[in-house]
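Text of data.cif (mmCIF, N, CA and C atoms) as supplied:
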data_work
loop_
_atom_site.label_atom_id
_atom_site.label_comp_id
_atom_site.auth_asym_id
_atom_site.auth_seq_id
_atom_site.Cartn_x
_atom_site.Cartn_y
_atom_site.Cartn_z
N MET A 196 6.67 4.68 12.94
CA MET A 196 5.41 4.01 12.76
C MET A 196 5.64 2.50 12.78
N ASN A 197 4.83 1.80 13.52
CA ASN A 197 5.00 0.35 13.47
C ASN A 197 3.77 -0.32 12.87
N ALA A 198 3.97 -1.50 12.32
CA ALA A 198 2.93 -2.22 11.61
C ALA A 198 1.74 -2.51 12.50
N TYR A 199 1.99 -2.86 13.74
CA TYR A 199 0.90 -3.20 14.67
C TYR A 199 -0.08 -2.04 14.81
N ASP A 200 0.43 -0.83 14.98
CA ASP A 200 -0.43 0.34 15.14
C ASP A 200 -1.21 0.64 13.86
N ILE A 201 -0.57 0.48 12.72
CA ILE A 201 -1.24 0.71 11.44
C ILE A 201 -2.37 -0.29 11.24
N ILE A 202 -2.10 -1.56 11.52
CA ILE A 202 -3.12 -2.61 11.40
C ILE A 202 -4.29 -2.32 12.32
N ASN A 203 -4.02 -2.00 13.57
CA ASN A 203 -5.09 -1.73 14.53
C ASN A 203 -5.91 -0.51 14.15
N LYS A 204 -5.27 0.49 13.62
CA LYS A 204 -5.99 1.69 13.18
C LYS A 204 -7.00 1.33 12.10
N LYS A 205 -6.57 0.53 11.13
CA LYS A 205 -7.49 0.12 10.06
C LYS A 205 -8.55 -0.83 10.61
N LYS A 206 -8.20 -1.70 11.56
CA LYS A 206 -9.19 -2.60 12.17
C LYS A 206 -10.31 -1.81 12.84
N ARG A 207 -9.97 -0.63 13.37
CA ARG A 207 -10.98 0.23 14.02
C ARG A 207 -11.77 1.03 12.99
N GLY A 208 -11.42 0.90 11.73
CA GLY A 208 -12.13 1.58 10.67
C GLY A 208 -11.65 3.00 10.42
N GLU A 209 -10.49 3.35 10.96
CA GLU A 209 -9.96 4.69 10.78
C GLU A 209 -9.21 4.81 9.46
N GLU A 210 -9.10 6.04 8.98
CA GLU A 210 -8.39 6.31 7.74
C GLU A 210 -6.88 6.29 7.97
N LEU A 211 -6.16 5.60 7.08
CA LEU A 211 -4.71 5.58 7.14
C LEU A 211 -4.15 6.78 6.39
N SER A 212 -3.12 7.36 6.94
CA SER A 212 -2.47 8.50 6.29
C SER A 212 -1.55 8.01 5.18
N ARG A 213 -1.16 8.95 4.32
CA ARG A 213 -0.21 8.65 3.26
C ARG A 213 1.08 8.07 3.85
N GLU A 214 1.56 8.68 4.93
CA GLU A 214 2.80 8.23 5.57
C GLU A 214 2.67 6.82 6.13
N GLU A 215 1.53 6.51 6.74
CA GLU A 215 1.32 5.16 7.28
C GLU A 215 1.31 4.12 6.17
N ILE A 216 0.61 4.42 5.10
CA ILE A 216 0.53 3.49 3.98
C ILE A 216 1.91 3.27 3.36
N ARG A 217 2.62 4.34 3.10
CA ARG A 217 3.94 4.23 2.49
C ARG A 217 4.93 3.53 3.42
N SER A 218 4.83 3.80 4.71
CA SER A 218 5.69 3.14 5.68
C SER A 218 5.44 1.63 5.68
N PHE A 219 4.18 1.24 5.62
CA PHE A 219 3.84 -0.18 5.62
C PHE A 219 4.37 -0.86 4.35
N VAL A 220 4.12 -0.26 3.20
CA VAL A 220 4.60 -0.85 1.93
C VAL A 220 6.12 -0.93 1.92
N ARG A 221 6.77 0.12 2.37
CA ARG A 221 8.25 0.13 2.43
C ARG A 221 8.74 -0.99 3.36
N GLY A 222 8.11 -1.13 4.52
CA GLY A 222 8.51 -2.18 5.46
C GLY A 222 8.29 -3.58 4.91
N TYR A 223 7.18 -3.74 4.19
CA TYR A 223 6.92 -5.06 3.61
C TYR A 223 7.93 -5.38 2.51
N THR A 224 8.21 -4.41 1.67
CA THR A 224 9.13 -4.69 0.55
C THR A 224 10.58 -4.84 1.01
N ASP A 225 10.94 -4.22 2.13
CA ASP A 225 12.33 -4.39 2.61
C ASP A 225 12.47 -5.58 3.55
N GLY A 226 11.36 -6.27 3.82
CA GLY A 226 11.39 -7.48 4.63
C GLY A 226 11.25 -7.27 6.13
N SER A 227 11.09 -6.03 6.57
CA SER A 227 10.97 -5.79 8.01
C SER A 227 9.55 -6.03 8.53
N ILE A 228 8.58 -6.10 7.63
CA ILE A 228 7.21 -6.46 8.00
C ILE A 228 6.94 -7.84 7.42
N PRO A 229 6.62 -8.81 8.28
CA PRO A 229 6.41 -10.18 7.81
C PRO A 229 5.06 -10.37 7.10
N ASP A 230 4.96 -11.47 6.38
CA ASP A 230 3.75 -11.79 5.62
C ASP A 230 2.50 -11.79 6.50
N TYR A 231 2.58 -12.31 7.72
CA TYR A 231 1.38 -12.41 8.54
C TYR A 231 0.84 -11.04 8.93
N GLN A 232 1.72 -10.04 9.05
CA GLN A 232 1.23 -8.69 9.34
C GLN A 232 0.62 -8.05 8.09
N ALA A 233 1.21 -8.32 6.93
CA ALA A 233 0.61 -7.84 5.69
C ALA A 233 -0.77 -8.46 5.50
N SER A 234 -0.89 -9.74 5.82
CA SER A 234 -2.17 -10.43 5.73
C SER A 234 -3.19 -9.81 6.67
N ALA A 235 -2.75 -9.46 7.86
CA ALA A 235 -3.65 -8.84 8.84
C ALA A 235 -4.15 -7.49 8.34
N LEU A 236 -3.27 -6.70 7.75
CA LEU A 236 -3.70 -5.41 7.22
C LEU A 236 -4.67 -5.62 6.06
N LEU A 237 -4.38 -6.55 5.17
CA LEU A 237 -5.28 -6.81 4.05
C LEU A 237 -6.65 -7.29 4.52
N MET A 238 -6.69 -8.08 5.58
CA MET A 238 -7.98 -8.52 6.13
C MET A 238 -8.74 -7.33 6.71
N ALA A 239 -8.04 -6.45 7.43
CA ALA A 239 -8.68 -5.26 7.98
C ALA A 239 -9.23 -4.38 6.86
N ILE A 240 -8.46 -4.25 5.77
CA ILE A 240 -8.92 -3.47 4.63
C ILE A 240 -10.14 -4.12 4.00
N CYS A 241 -10.12 -5.44 3.89
CA CYS A 241 -11.24 -6.17 3.32
C CYS A 241 -12.50 -5.95 4.16
N LEU A 242 -12.37 -5.97 5.47
CA LEU A 242 -13.53 -5.83 6.36
C LEU A 242 -13.98 -4.39 6.51
N ARG A 243 -13.05 -3.45 6.54
CA ARG A 243 -13.37 -2.05 6.82
C ARG A 243 -13.35 -1.14 5.60
N GLY A 244 -12.70 -1.61 4.54
CA GLY A 244 -12.64 -0.82 3.31
C GLY A 244 -11.60 0.28 3.37
N MET A 245 -11.45 0.94 2.23
CA MET A 245 -10.55 2.09 2.10
C MET A 245 -11.30 3.15 1.31
N ASN A 246 -11.06 4.41 1.65
CA ASN A 246 -11.65 5.47 0.86
C ASN A 246 -10.80 5.69 -0.40
N ASP A 247 -11.25 6.60 -1.25
CA ASP A 247 -10.55 6.83 -2.52
C ASP A 247 -9.11 7.29 -2.31
N GLU A 248 -8.89 8.16 -1.34
CA GLU A 248 -7.54 8.67 -1.09
C GLU A 248 -6.61 7.56 -0.62
N GLU A 249 -7.09 6.71 0.30
CA GLU A 249 -6.28 5.59 0.78
C GLU A 249 -5.96 4.63 -0.37
N THR A 250 -6.96 4.36 -1.19
CA THR A 250 -6.76 3.45 -2.32
C THR A 250 -5.72 4.01 -3.28
N TYR A 251 -5.80 5.31 -3.56
CA TYR A 251 -4.82 5.96 -4.43
C TYR A 251 -3.42 5.85 -3.82
N GLU A 252 -3.29 6.18 -2.54
CA GLU A 252 -1.98 6.16 -1.89
C GLU A 252 -1.39 4.76 -1.85
N LEU A 253 -2.22 3.74 -1.59
CA LEU A 253 -1.74 2.36 -1.59
C LEU A 253 -1.29 1.96 -2.99
N THR A 254 -2.07 2.29 -3.99
CA THR A 254 -1.72 1.97 -5.37
C THR A 254 -0.39 2.61 -5.76
N MET A 255 -0.24 3.89 -5.44
CA MET A 255 1.00 4.60 -5.79
C MET A 255 2.20 4.05 -5.00
N ALA A 256 2.01 3.74 -3.72
CA ALA A 256 3.11 3.20 -2.92
C ALA A 256 3.58 1.87 -3.48
N ILE A 257 2.64 1.03 -3.90
CA ILE A 257 3.01 -0.26 -4.49
C ILE A 257 3.69 -0.05 -5.84
N ALA A 258 3.12 0.81 -6.66
CA ALA A 258 3.69 1.06 -7.99
C ALA A 258 5.11 1.62 -7.90
N GLU A 259 5.35 2.48 -6.92
CA GLU A 259 6.65 3.11 -6.78
C GLU A 259 7.65 2.26 -5.98
N SER A 260 7.22 1.11 -5.51
CA SER A 260 8.10 0.28 -4.69
C SER A 260 9.06 -0.57 -5.52
N GLY A 261 8.82 -0.66 -6.81
CA GLY A 261 9.68 -1.48 -7.66
C GLY A 261 10.30 -0.67 -8.76
N ASP A 262 10.88 -1.38 -9.69
CA ASP A 262 11.50 -0.73 -10.84
C ASP A 262 10.45 -0.38 -11.88
N ALA A 263 10.65 0.74 -12.55
CA ALA A 263 9.76 1.16 -13.63
C ALA A 263 10.50 0.98 -14.95
N VAL A 264 9.78 0.58 -15.95
CA VAL A 264 10.35 0.38 -17.28
C VAL A 264 9.84 1.50 -18.18
N ASP A 265 10.74 2.15 -18.87
CA ASP A 265 10.38 3.21 -19.79
C ASP A 265 9.98 2.59 -21.12
N LEU A 266 8.71 2.70 -21.46
CA LEU A 266 8.19 2.13 -22.71
C LEU A 266 7.95 3.20 -23.77
N SER A 267 8.44 4.41 -23.54
CA SER A 267 8.17 5.52 -24.47
C SER A 267 8.70 5.26 -25.87
N GLU A 268 9.71 4.44 -26.03
CA GLU A 268 10.26 4.17 -27.36
C GLU A 268 9.27 3.46 -28.27
N PHE A 269 8.20 2.90 -27.67
CA PHE A 269 7.22 2.15 -28.45
C PHE A 269 6.02 3.01 -28.86
N GLY A 270 6.02 4.28 -28.50
CA GLY A 270 4.95 5.19 -28.91
C GLY A 270 3.96 5.48 -27.79
N ALA A 271 3.04 6.36 -28.10
CA ALA A 271 2.09 6.87 -27.11
C ALA A 271 1.03 5.83 -26.71
N LEU A 272 0.76 4.87 -27.55
CA LEU A 272 -0.30 3.90 -27.25
C LEU A 272 0.25 2.58 -26.73
N THR A 273 1.26 2.66 -25.91
CA THR A 273 1.88 1.48 -25.34
C THR A 273 1.22 1.14 -24.01
N ALA A 274 1.00 -0.14 -23.77
CA ALA A 274 0.44 -0.59 -22.50
C ALA A 274 1.29 -1.72 -21.97
N ASP A 275 1.46 -1.76 -20.65
CA ASP A 275 2.19 -2.88 -20.07
C ASP A 275 1.18 -3.95 -19.64
N LYS A 276 1.67 -5.02 -19.08
CA LYS A 276 0.76 -6.12 -18.72
C LYS A 276 -0.19 -5.76 -17.59
N HIS A 277 0.06 -4.65 -16.87
CA HIS A 277 -0.80 -4.24 -15.76
C HIS A 277 -1.79 -3.16 -16.16
N SER A 278 -1.69 -2.65 -17.37
CA SER A 278 -2.57 -1.55 -17.80
C SER A 278 -3.95 -2.07 -18.16
#

Starting from the coordinates I provided, produce the structure as structure tokens.
Amino acid sequence: MNAYDIINKKKRGEELSREEIRSFVRGYTDGSIPDYQASALLMAICLRGMNDEETYELTMAIAESGDAVDLSEFGALTADKHS
């Protein structure tokens, strides 16, 4: 999957698959997708929107792209700065 095809698909208003979204996030975080292509995808999303499934998949791909901190030692009512 390449970034250009993913961007164009969203520009046409089509739904992105889980694999396309995860591939894009992975490429951006590993540096193989440059900022200008990420900006182009975000503009396409801004103009065309995302359905609930796409939004969920993008959120999860971003959340899983970094390190997670285990806050369980602080109890059940713990919140991080993003909660």

- Can you list what the PyMOL selection byres (((chain A and resi 253-260 and name CA) around 9) and name CA) grabs from this structure, as a list of chain:residue names? A:Arg213, A:Ile216, A:Arg217, A:Ser218, A:Val220, A:Arg221, A:Thr224, A:Glu248, A:Glu249, A:Thr250, A:Tyr251, A:Glu252, A:Gly261, A:Asp262, A:Ala263

How would the residues just chosen look if you wrote them out with N, CA and C atoms as a compact mmCIF listing (two decimals), in the frame of the given file?
# COMPACT_ATOMS: atom_id res chain seq x y z
N ARG A 213 -1.16 8.95 4.32
CA ARG A 213 -0.21 8.65 3.26
C ARG A 213 1.08 8.07 3.85
N ILE A 216 0.61 4.42 5.10
CA ILE A 216 0.53 3.49 3.98
C ILE A 216 1.91 3.27 3.36
N ARG A 217 2.62 4.34 3.10
CA ARG A 217 3.94 4.23 2.49
C ARG A 217 4.93 3.53 3.42
N SER A 218 4.83 3.80 4.71
CA SER A 218 5.69 3.14 5.68
C SER A 218 5.44 1.63 5.68
N VAL A 220 4.12 -0.26 3.20
CA VAL A 220 4.60 -0.85 1.93
C VAL A 220 6.12 -0.93 1.92
N ARG A 221 6.77 0.12 2.37
CA ARG A 221 8.25 0.13 2.43
C ARG A 221 8.74 -0.99 3.36
N THR A 224 8.21 -4.41 1.67
CA THR A 224 9.13 -4.69 0.55
C THR A 224 10.58 -4.84 1.01
N GLU A 248 -8.89 8.16 -1.34
CA GLU A 248 -7.54 8.67 -1.09
C GLU A 248 -6.61 7.56 -0.62
N GLU A 249 -7.09 6.71 0.30
CA GLU A 249 -6.28 5.59 0.78
C GLU A 249 -5.96 4.63 -0.37
N THR A 250 -6.96 4.36 -1.19
CA THR A 250 -6.76 3.45 -2.32
C THR A 250 -5.72 4.01 -3.28
N TYR A 251 -5.80 5.31 -3.56
CA TYR A 251 -4.82 5.96 -4.43
C TYR A 251 -3.42 5.85 -3.82
N GLU A 252 -3.29 6.18 -2.54
CA GLU A 252 -1.98 6.16 -1.89
C GLU A 252 -1.39 4.76 -1.85
N GLY A 261 8.82 -0.66 -6.81
CA GLY A 261 9.68 -1.48 -7.66
C GLY A 261 10.30 -0.67 -8.76
N ASP A 262 10.88 -1.38 -9.69
CA ASP A 262 11.50 -0.73 -10.84
C ASP A 262 10.45 -0.38 -11.88
N ALA A 263 10.65 0.74 -12.55
CA ALA A 263 9.76 1.16 -13.63
C ALA A 263 10.50 0.98 -14.95

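The spacing separating atom CA of Asp200 of chain A from atom CA of Glu215 of chain A amounts to 9.4 Å.
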
- Item | All alpha helix (DSSP H) positions in segment 230-260 of chain A, as a ChimeraX atom specification | /A:230-243,247-258

- Query: What separation in Å, quoted to one decimal, exists between atom N of Ser227 of chain A and atom CA of Asp265 of chain A?
  - Reply: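 So the two atoms, atom N of Ser227 of chain A and atom CA of Asp265 of chain A, lie 27.9 Å apart.
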
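Going from atom CA of Glu210 of chain A over to atom CA of Asp225 of chain A, you cover 23.9 Å.
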
As JSON, what would the box around segment 247-252 of chain A look like: edges along x, y and z, 8 Å added on every side, centre and edge lengths in Å to one decimal?
{"center_x": -6.3, "center_y": 6.1, "center_z": -1.8, "size_x": 25.9, "size_y": 21.2, "size_z": 21.2}

- Message: Measuring between only N, CA and C atoms, which one of A:Met196, A:Asn246, A:Leu266, A:Arg207 shows the shortest distance to Phe219 of chain A?
- Response: A:Met196

- Contacts of Gly208 of chain A at 8 Å or less, counting all atoms listed in the file, minus same-chain residues fewer than 4 places along, as a count of residues only? 7

- Pick from A:Ala198, A:Thr273, A:Glu214, A:Glu209: nearest to Asp230 of chain A, with only C-alpha atoms counted?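 Of A:Ala198, A:Thr273, A:Glu214, A:Glu209, the one nearest Asp230 of chain A is A:Ala198, counting only C-alpha atoms.
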
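Nearest residue to Pro229 of chain A, choosing from A:Tyr199, A:Leu272, A:Lys206, A:Val264 and counting only C-alpha atoms: A:Tyr199.
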
- Task: Considering only N, CA and C atoms, state which residue in the set A:Ile228, A:Ala271, A:Leu236, A:Gly222 is at the smallest distance from Ile201 of chain A.
- Result: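 Using only N, CA and C atoms, the shortest distance to Ile201 of chain A belongs to A:Leu236.
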